[in-house]
Amino acid sequence: MRSEARKNNAKKRRKTRRHGPKHWVIAVSAMGMVVAYSAGSSRAVTLRYVRDTDPSIRSEFLQGQAQQTRRFDIPPGTLGDVLIAFEKVSELRVEVENAKLLDLASPGVSGIYSNEQALKQLLTGTGVSYSFPSPELVKLEIQAQSETVVVEGGGASQVSSPKYTEPLLDTPQTITVIPKEIIEQQGATTLRDVLRNVPGLTVTAGEGGAPAGDNLTIRGFSARNDVFVDGVRDLGPQSRDPFNLEQVEVVKGPDSAYTGRGSAGGSVNLVSKIPNIRPAYGFTVDLGTDRTKRATADLNFPLARLGLGDHSAFRLNLLAHDAGVAGRDVVENERWGVAPSLMFGLGRPTRLTLSYFHLQQTNISDYGIPWVPATNNVLVDFRDRPAPVPRETFYGFKSRDFENMRSDLATVRFEHDFNDNLSLRNQFRYGRSTRDSFATPPRFASNNSTVINRELRSWLTEDTVWDNQSDFQADFSTGSVQHDMVMGVALSREGNIRGTRTAPNSQTTLLNPNPNDVYTGVITTSPIVGDITANSQGLYVFDTAKLGNMWELNGGLRWDRFDAAGITTTAVPVARVDKMLSFRGGVVFKPKPQGSLYASYGTALNPSLEGLSYGTANTVIDPEKTYTFEAGSKWDFLGGRLLLTGAGFRVEKTNARTPGLLPGDPIQVLQGRQRVSGVELSAVGSFTRSWQIFSAYTFLDSETVESNTPAEIGKELVNTPRNSFNLWTTYQLPQRLNLGGGLRFIGQRYGNTTNTRFVEGYWTADLMASYPLTNNVDLRLNIYNLTDEYYFDRLGGGHLIPGPGRSATVSLAFKF
């Protein structure tokens, strides 16, 4: 049942490289002009939470009301309206320094929180700080000074998808949310950098039907087709940059009920930045080893300053990047991007967001070094191991190998709150991505030599998507049971056009390849162009039923129709229609408001054409089915600052694809079985306001239980380490110097299904130090791979790619 305060509040609201470094040079110059303008015409406003002016009052508050939790159901609105409702629920008195603050837009707050947690939520994005002159009084004011951002515990965080109705603390599933603060502290420049914070997730090298790009494995199962941007599948073979990301969400375990097809091991959702009501102008310039030059801008303009509306804002994110890779001297990455967005109705019942994203890249492809064949008679001690060559060894052609990639996304999002308990969200997107690339996979020419074949992998692809998702959210009660329900429909049309090119192999030596060699072979473009289109329709419903204050039942159903048809790159017509029903259910027990115990069960369905042309075109078999059971616990400590979680799980694919053996069998049949059991532990948040942590550990026990290939039975799954661990922690010294660092461990991984080919586990260490030179300028130093560990980041069937060596970056961040 919704609180009376929220109902009263709602009534009031209704009333009232090949081209040189030119991109980054131009970008830095343009940003400098905007910096000058911003410095002269804007007030520096930085979000700062509690001011510890009186330690005794702070301590008294934390020991008292901060430990008491209650339900807050306050919708978005002006800060004045939201604070009226907050006072009634919290029984606190709020004083505001400046009456103009009451007109700011607040996101509101919904869920079970302590008073302080709820206050933080409703002040998010406003630029307003709070302090406690007494335990019963809250004072709000604008802060015009620099302050280190605090990464709070994740219990109060919520996944961006409306299908998840509860905060993470009460969601019966393992979900990792990596906020932009962590991304910025670490100086991450690729999605792969960001995902290094997630143990149990590994990256695969481009191989066979999958090109290079963000090819992920989660809990032992491929997530190549399970990357989403704002809830929309992003099928294109891209290498993604985080310059326009608010956060990255990694959902673990079979998840087709939420995502549609796929998601056998989990999914990754990239949440884009959108406008907010607070003026903010941020610029960052990075210079580093290995020719690193990078510039970004994040500009948020409330349109009220231009007389265009008090509840509208424009946001612009910019990127220019030009860098090499430490230890891989030939590899180059050059890209630029722009992401404007416009939002109307901030803090109002009706909101409209228009956004566009463009990223363009020109790189030199990297296919690493070869595996030594198991039958090689020259390198006997290195059979089925990485070739014994230095990390910088490059077998490609600088004059031939390249990656030209482009990604464009145009999005329209409409939201309307009919009343306190019913809302509509509709999101429409058109996306297009292209890839034109040449790469050189190295392979041993024979078993009796160290001659290396320089093969050719060429990709000429275009992927398009038209996607529309409509979600209805309804909160209501049936007797004493409160329901948070989401119903929706998803419609999409995905297209994939793919051309192929071939060329004769060239040869070089294992130890002395020359990347400056000129390729003299003839490259042939096939006249056959693969063209596959998939139309999808999905219907879903999710409900969280609250049975008093201690029990919650969470469940959902989704029905999908997946119709894919076209022609492959070998001129074979393909067509298949799959109708799939997936579900997920869970129960949550809350012995204390700040903790939960849970158990959940879910399914995933992988149709044979789920990746369109990026996979084996086997249209005669049904979808693979994957099931998961997970049980765990989540607890908020230290007044909600620190979230500790633990879970045990089992994921089982009961009809995995395996080679057909009998006469008349297709190339694949559904007679395999794969199983992964494991444990996840994590700690996210802060021990004190100075000491923060983002850490997790994953144990995976994977096994091929049944297969038509006898040598696979009993073996571990490919690229699935038994143990993986990450730690990122920062500490702010009294002199405002912020020190941080991270450790990452990945255990031994196998490179083939029979477990004869493997790489050893490894540790890497990173360091960070930052210092505010002024209230508006921060200086940061990042050192990566401190010990210069030689390890392998991405594994493929015939080659593997070394991780970057030791490098350093110095950054200047300007914030106004």
# chains A, B, ... in the order shown; residues from 1 in each chain; ligands from 1
>>> closest_atom_pairs(of="region 214-294 of chain A", to="region 549-558 of chain A", cutoff="12 Å", atoms="only C-alpha atoms", output="CSV")
residue,atom,partner,partner_atom,distance
A:Asp255,CA,A:Arg558,CA,10.4
A:Ser256,CA,A:Arg558,CA,7.7
A:Ala257,CA,A:Arg558,CA,5.1
A:Tyr258,CA,A:Arg558,CA,7.5
A:Thr259,CA,A:Arg558,CA,9.1
A:Gly260,CA,A:Arg558,CA,7.5
A:Arg261,CA,A:Arg558,CA,10.1
>>> write_last_selection(atoms="all heavy atoms", output="CSV table (one decimal), in the first residue's frame")
chain,number,residue,atom,x,y,z
A,255,ASP,N,18.9,-16.0,-18.4
A,255,ASP,CA,18.1,-14.8,-18.2
A,255,ASP,C,17.2,-14.5,-19.3
A,255,ASP,O,16.9,-13.3,-19.6
A,255,ASP,CB,19.1,-13.7,-17.9
A,255,ASP,CG,18.5,-12.6,-17.0
A,255,ASP,OD1,17.7,-12.9,-16.1
A,255,ASP,OD2,18.8,-11.4,-17.3
A,256,SER,N,16.7,-15.5,-20.1
A,256,SER,CA,15.9,-15.2,-21.2
A,256,SER,C,14.6,-14.6,-20.9
A,256,SER,O,14.0,-13.9,-21.7
A,256,SER,CB,15.6,-16.5,-22.0
A,256,SER,OG,16.8,-17.0,-22.7
A,257,ALA,N,14.1,-14.8,-19.7
A,257,ALA,CA,12.8,-14.1,-19.3
A,257,ALA,C,12.9,-12.6,-19.3
A,257,ALA,O,12.0,-11.9,-19.6
A,257,ALA,CB,12.4,-14.6,-17.8
A,258,TYR,N,14.1,-12.1,-19.1
A,258,TYR,CA,14.3,-10.6,-19.1
A,258,TYR,C,14.8,-10.1,-20.5
A,258,TYR,O,14.5,-9.0,-20.9
A,258,TYR,CB,15.3,-10.2,-18.0
A,258,TYR,CG,14.8,-10.4,-16.6
A,258,TYR,CD1,15.1,-11.5,-15.8
A,258,TYR,CD2,14.0,-9.4,-16.1
A,258,TYR,CE1,14.6,-11.6,-14.6
A,258,TYR,CE2,13.5,-9.5,-14.8
A,258,TYR,CZ,13.8,-10.6,-14.0
A,258,TYR,OH,13.3,-10.7,-12.7
A,259,THR,N,15.7,-10.9,-21.1
A,259,THR,CA,16.4,-10.4,-22.3
A,259,THR,C,15.8,-11.0,-23.6
A,259,THR,O,16.1,-10.5,-24.7
A,259,THR,CB,17.9,-10.8,-22.3
A,259,THR,OG1,18.0,-12.2,-22.3
A,259,THR,CG2,18.5,-10.2,-21.0
A,260,GLY,N,15.0,-12.0,-23.6
A,260,GLY,CA,14.6,-12.7,-24.8
A,260,GLY,C,15.6,-13.8,-25.1
A,260,GLY,O,16.2,-14.4,-24.1
A,261,ARG,N,15.8,-14.2,-26.3
A,261,ARG,CA,16.7,-15.3,-26.7
A,261,ARG,C,18.1,-15.2,-26.1
A,261,ARG,O,18.6,-14.1,-25.9
A,261,ARG,CB,16.8,-15.5,-28.2
A,261,ARG,CG,17.6,-14.4,-28.9
A,261,ARG,CD,17.6,-14.6,-30.4
A,261,ARG,NE,18.6,-13.7,-31.0
A,261,ARG,CZ,18.4,-12.5,-31.5
A,261,ARG,NH1,17.2,-11.9,-31.3
A,261,ARG,NH2,19.4,-11.9,-32.1
>>> residues_around(residues="Ala696 (chain A)", least_positions_apart="3", cutoff="6 Å", atoms="only C-alpha atoms", output="ChimeraX atom specification")
/A:681-682,725-726
>>> atom_distance(atom1="CA of Leu739 (chain A)", atom2="CA of Leu319 (chain A)")
26.4 Å
>>> residues_around(residues="Thr375 (chain A)", least_positions_apart="6", cutoff="9 Å", atoms="only C-alpha atoms", output="PyMOL selection string")
chain A and resi 383-384+447-448
>>> write_last_selection(atoms="N, CA and C atoms", output="PDB file, in the first residue's frame")
ATOM      1  N   ARG A 383      54.153 -28.163 -26.748  1.00  0.00           N
ATOM      2  CA  ARG A 383      52.962 -28.662 -27.426  1.00  0.00           C
ATOM      3  C   ARG A 383      51.690 -28.242 -26.684  1.00  0.00           C
ATOM      4  N   ASP A 384      50.706 -27.770 -27.461  1.00  0.00           N
ATOM      5  CA  ASP A 384      49.434 -27.297 -26.903  1.00  0.00           C
ATOM      6  C   ASP A 384      49.626 -26.183 -25.880  1.00  0.00           C
ATOM      7  N   ASN A 447      54.148 -29.788 -38.824  1.00  0.00           N
ATOM      8  CA  ASN A 447      54.554 -30.306 -37.518  1.00  0.00           C
ATOM      9  C   ASN A 447      56.065 -30.425 -37.370  1.00  0.00           C
ATOM     10  N   ASN A 448      56.785 -30.191 -38.432  1.00  0.00           N
ATOM     11  CA  ASN A 448      58.231 -30.412 -38.397  1.00  0.00           C
ATOM     12  C   ASN A 448      59.019 -29.137 -38.657  1.00  0.00           C
TER      13      ASN A 448
END
>>> closest_residue(among="A:Pro513, A:Ala188, A:Val372, A:Gly231", to="Lys398 (chain A)", atoms="only C-alpha atoms")
A:Pro513
>>> residues_around(residues="region 367-370 of chain A", least_positions_apart="6", cutoff="9 Å", atoms="only C-alpha atoms", output="PyMOL selection string")
chain A and resi 205-206+212+328+385-387+389+391+393-396+439-444+452+798-802
>>> closest_residue(among="A:Ser433, A:Thr500, A:Ser106, A:Asn244", to="Pro76 (chain A)", atoms="only C-alpha atoms")
A:Ser106
>>> atom_distance(atom1="CA of Asp766 (chain A)", atom2="CA of Tyr697 (chain A)")
17.6 Å
>>> residues_around(residues="Ile274 (chain A)", least_positions_apart="3", cutoff="10 Å", atoms="only C-alpha atoms", output="list in words")
Asn244, Leu245, Glu246, Val271, Asn300, Ala313, Phe314, Arg315, Leu316, Asn317, Ala339, Pro340, Ser341, Leu342, Met343, Thr353, Leu354 and Ser355 of chain A
>>> residues_around(residues="Gln692 (chain A)", least_positions_apart="2", cutoff="9 Å", atoms="only C-alpha atoms", output="JSON, numbers by chain")
{"A": [150, 151, 152, 642, 684, 685, 686, 687, 688, 689, 690, 694, 728, 729, 730, 731, 732]}
>>> closest_residue(among="A:Pro623, A:Pro666, A:Pro721, A:Gly602", to="Arg561 (chain A)", atoms="only C-alpha atoms")
A:Pro623
>>> select_by_dssp(residues="region 103-351 of chain A", states="helix (DSSP H, G or I)", output="NGL selection string")
:A and (103 or 115-123 or 154-156 or 168-170 or 180-186 or 191-195 or 256-259 or 303-306)
>>> write_last_selection(atoms="N, CA and C atoms", output="CSV table (one decimal), in the first residue's frame")
chain,number,residue,atom,x,y,z
A,103,ASP,N,12.9,24.2,-6.5
A,103,ASP,CA,12.5,24.0,-7.9
A,103,ASP,C,13.3,23.0,-8.7
A,115,ASN,N,16.7,6.5,6.7
A,115,ASN,CA,16.4,7.9,6.3
A,115,ASN,C,17.6,8.5,5.5
A,116,GLU,N,18.8,8.2,5.9
A,116,GLU,CA,19.9,8.8,5.2
A,116,GLU,C,20.0,8.2,3.8
A,117,GLN,N,19.8,6.9,3.7
A,117,GLN,CA,19.8,6.3,2.3
A,117,GLN,C,18.8,6.9,1.4
A,118,ALA,N,17.6,7.1,1.9
A,118,ALA,CA,16.5,7.7,1.1
A,118,ALA,C,16.9,9.1,0.7
A,119,LEU,N,17.5,9.8,1.7
A,119,LEU,CA,17.9,11.2,1.4
A,119,LEU,C,18.9,11.2,0.2
A,120,LYS,N,19.9,10.3,0.3
A,120,LYS,CA,20.9,10.3,-0.8
A,120,LYS,C,20.2,10.0,-2.1
A,121,GLN,N,19.2,9.1,-2.2
A,121,GLN,CA,18.6,8.8,-3.4
A,121,GLN,C,17.8,10.0,-4.0
A,122,LEU,N,17.1,10.7,-3.2
A,122,LEU,CA,16.3,11.8,-3.7
A,122,LEU,C,17.1,13.0,-4.0
A,123,LEU,N,18.3,13.1,-3.5
A,123,LEU,CA,19.2,14.2,-3.9
A,123,LEU,C,20.1,13.9,-5.1
A,154,GLY,N,26.0,-1.2,-2.8
A,154,GLY,CA,25.1,-1.4,-3.9
A,154,GLY,C,23.7,-1.8,-3.5
A,155,GLY,N,23.4,-1.9,-2.3
A,155,GLY,CA,22.1,-2.5,-1.9
A,155,GLY,C,20.9,-1.6,-2.3
A,156,ALA,N,21.2,-0.3,-2.3
A,156,ALA,CA,20.1,0.7,-2.7
A,156,ALA,C,20.1,0.9,-4.2
A,168,LEU,N,18.9,-3.9,-5.7
A,168,LEU,CA,19.7,-5.0,-5.7
A,168,LEU,C,19.6,-5.9,-4.4
A,169,LEU,N,19.5,-5.2,-3.3
A,169,LEU,CA,19.4,-5.9,-2.0
A,169,LEU,C,18.3,-7.0,-2.0
A,170,ASP,N,17.2,-6.7,-2.7
A,170,ASP,CA,16.0,-7.6,-2.7
A,170,ASP,C,15.8,-8.2,-4.1
A,180,LYS,N,30.0,4.7,-13.1
A,180,LYS,CA,30.9,5.5,-13.8
A,180,LYS,C,32.1,6.0,-13.0
A,181,GLU,N,31.8,6.1,-11.6
A,181,GLU,CA,32.9,6.5,-10.7
A,181,GLU,C,34.1,5.6,-10.8
A,182,ILE,N,33.8,4.3,-10.8
A,182,ILE,CA,34.8,3.2,-10.9
A,182,ILE,C,35.5,3.3,-12.2
A,183,ILE,N,34.7,3.5,-13.3
A,183,ILE,CA,35.2,3.5,-14.7
A,183,ILE,C,36.2,4.7,-14.8
A,184,GLU,N,35.9,5.9,-14.2
A,184,GLU,CA,36.7,7.0,-14.3
A,184,GLU,C,38.0,6.9,-13.4
A,185,GLN,N,37.8,6.3,-12.2
A,185,GLN,CA,39.0,6.1,-11.3
A,185,GLN,C,40.0,5.2,-12.0
A,186,GLN,N,39.6,4.2,-12.7
A,186,GLN,CA,40.5,3.2,-13.3
A,186,GLN,C,41.0,3.7,-14.7
A,191,LEU,N,35.3,-1.4,-23.2
A,191,LEU,CA,34.4,-2.2,-22.4
A,191,LEU,C,35.1,-3.3,-21.7
A,192,ARG,N,36.1,-3.9,-22.4
A,192,ARG,CA,36.9,-5.0,-21.8
A,192,ARG,C,37.6,-4.5,-20.5
A,193,ASP,N,38.1,-3.3,-20.5
A,193,ASP,CA,38.7,-2.7,-19.3
A,193,ASP,C,37.7,-2.7,-18.1
A,194,VAL,N,36.5,-2.2,-18.4
A,194,VAL,CA,35.4,-2.1,-17.4
A,194,VAL,C,35.1,-3.5,-16.9
A,195,LEU,N,35.0,-4.5,-17.7
A,195,LEU,CA,34.5,-5.8,-17.3
A,195,LEU,C,35.6,-6.6,-16.6
A,256,SER,N,16.7,-15.5,-20.1
A,256,SER,CA,15.9,-15.2,-21.2
A,256,SER,C,14.6,-14.6,-20.9
A,257,ALA,N,14.1,-14.8,-19.7
A,257,ALA,CA,12.8,-14.1,-19.3
A,257,ALA,C,12.9,-12.6,-19.3
A,258,TYR,N,14.1,-12.1,-19.1
A,258,TYR,CA,14.3,-10.6,-19.1
A,258,TYR,C,14.8,-10.1,-20.5
A,259,THR,N,15.7,-10.9,-21.1
A,259,THR,CA,16.4,-10.4,-22.3
A,259,THR,C,15.8,-11.0,-23.6
A,303,LEU,N,18.3,23.7,-20.0
A,303,LEU,CA,17.8,24.7,-21.0
A,303,LEU,C,17.1,25.9,-20.4
A,304,ALA,N,16.9,25.9,-19.1
A,304,ALA,CA,16.3,27.1,-18.5
A,304,ALA,C,17.2,28.3,-18.6
A,305,ARG,N,18.5,28.1,-18.7
A,305,ARG,CA,19.4,29.2,-18.8
A,305,ARG,C,19.2,29.9,-20.2
A,306,LEU,N,18.7,29.1,-21.2
A,306,LEU,CA,18.5,29.7,-22.5
A,306,LEU,C,17.0,30.1,-22.7
>>> closest_residue(among="A:Phe428, A:Phe562, A:Trp763, A:Phe86", to="Gly742 (chain A)", atoms="only C-alpha atoms")
A:Trp763
>>> residues_around(residues="region 173-177 of chain A", least_positions_apart="6", cutoff="8 Å", atoms="only C-alpha atoms", output="number ranges by chain")
A: 154, 159, 198, 247-253, 600, 630, 647, 680
>>> write_last_selection(atoms="N, CA, C and O atoms", output="mmCIF file, in the first residue's frame")
data_model
loop_
_atom_site.group_PDB
_atom_site.id
_atom_site.type_symbol
_atom_site.label_atom_id
_atom_site.label_comp_id
_atom_site.auth_asym_id
_atom_site.auth_seq_id
_atom_site.Cartn_x
_atom_site.Cartn_y
_atom_site.Cartn_z
ATOM 1 N N GLY A 154 25.977 -1.157 -2.805
ATOM 2 C CA GLY A 154 25.060 -1.359 -3.907
ATOM 3 C C GLY A 154 23.682 -1.805 -3.533
ATOM 4 O O GLY A 154 22.846 -2.026 -4.402
ATOM 5 N N VAL A 159 18.904 -1.930 -10.977
ATOM 6 C CA VAL A 159 19.185 -2.142 -12.386
ATOM 7 C C VAL A 159 18.288 -1.216 -13.196
ATOM 8 O O VAL A 159 17.132 -0.956 -12.837
ATOM 9 N N VAL A 198 34.733 -7.816 -13.095
ATOM 10 C CA VAL A 198 33.725 -8.860 -12.901
ATOM 11 C C VAL A 198 34.382 -10.231 -13.008
ATOM 12 O O VAL A 198 34.646 -10.719 -14.108
ATOM 13 N N GLN A 247 26.662 3.517 -16.302
ATOM 14 C CA GLN A 247 27.047 2.329 -15.558
ATOM 15 C C GLN A 247 26.972 1.122 -16.483
ATOM 16 O O GLN A 247 26.378 1.167 -17.553
ATOM 17 N N VAL A 248 27.598 0.029 -16.046
ATOM 18 C CA VAL A 248 27.555 -1.244 -16.765
ATOM 19 C C VAL A 248 26.978 -2.282 -15.818
ATOM 20 O O VAL A 248 27.444 -2.419 -14.678
ATOM 21 N N GLU A 249 25.969 -3.017 -16.282
ATOM 22 C CA GLU A 249 25.264 -3.999 -15.465
ATOM 23 C C GLU A 249 25.534 -5.401 -16.011
ATOM 24 O O GLU A 249 25.295 -5.673 -17.184
ATOM 25 N N VAL A 250 26.039 -6.268 -15.158
ATOM 26 C CA VAL A 250 26.304 -7.655 -15.538
ATOM 27 C C VAL A 250 25.371 -8.554 -14.745
ATOM 28 O O VAL A 250 25.465 -8.634 -13.516
ATOM 29 N N VAL A 251 24.454 -9.186 -15.443
ATOM 30 C CA VAL A 251 23.488 -10.101 -14.824
ATOM 31 C C VAL A 251 23.979 -11.515 -15.075
ATOM 32 O O VAL A 251 24.214 -11.908 -16.219
ATOM 33 N N LYS A 252 24.128 -12.296 -14.014
ATOM 34 C CA LYS A 252 24.690 -13.633 -14.143
ATOM 35 C C LYS A 252 23.606 -14.693 -14.006
ATOM 36 O O LYS A 252 22.702 -14.573 -13.176
ATOM 37 N N GLY A 253 23.734 -15.729 -14.819
ATOM 38 C CA GLY A 253 22.769 -16.820 -14.816
ATOM 39 C C GLY A 253 21.817 -16.717 -15.988
ATOM 40 O O GLY A 253 21.608 -15.640 -16.550
ATOM 41 N N SER A 600 16.380 -18.740 -6.204
ATOM 42 C CA SER A 600 15.750 -18.437 -7.487
ATOM 43 C C SER A 600 16.023 -19.538 -8.492
ATOM 44 O O SER A 600 16.975 -20.320 -8.357
ATOM 45 N N GLU A 630 19.890 -20.826 -7.981
ATOM 46 C CA GLU A 630 20.816 -20.005 -7.205
ATOM 47 C C GLU A 630 20.218 -19.714 -5.838
ATOM 48 O O GLU A 630 19.020 -19.440 -5.720
ATOM 49 N N ALA A 647 26.589 -16.161 -2.894
ATOM 50 C CA ALA A 647 25.614 -17.025 -3.563
ATOM 51 C C ALA A 647 26.293 -18.300 -4.034
ATOM 52 O O ALA A 647 27.473 -18.301 -4.405
ATOM 53 N N GLU A 680 29.767 -17.272 -5.685
ATOM 54 C CA GLU A 680 30.103 -15.864 -5.904
ATOM 55 C C GLU A 680 30.099 -15.140 -4.559
ATOM 56 O O GLU A 680 29.167 -15.294 -3.760
#
>>> closest_residue(among="A:Ser365, A:Gln360, A:Ser160, A:Thr434", to="Lys273 (chain A)", atoms="only C-alpha atoms")
A:Ser160
>>> closest_residue(among="A:Leu216, A:Ile621, A:Leu511, A:Ala474", to="Ser267 (chain A)", atoms="only C-alpha atoms")
A:Leu216
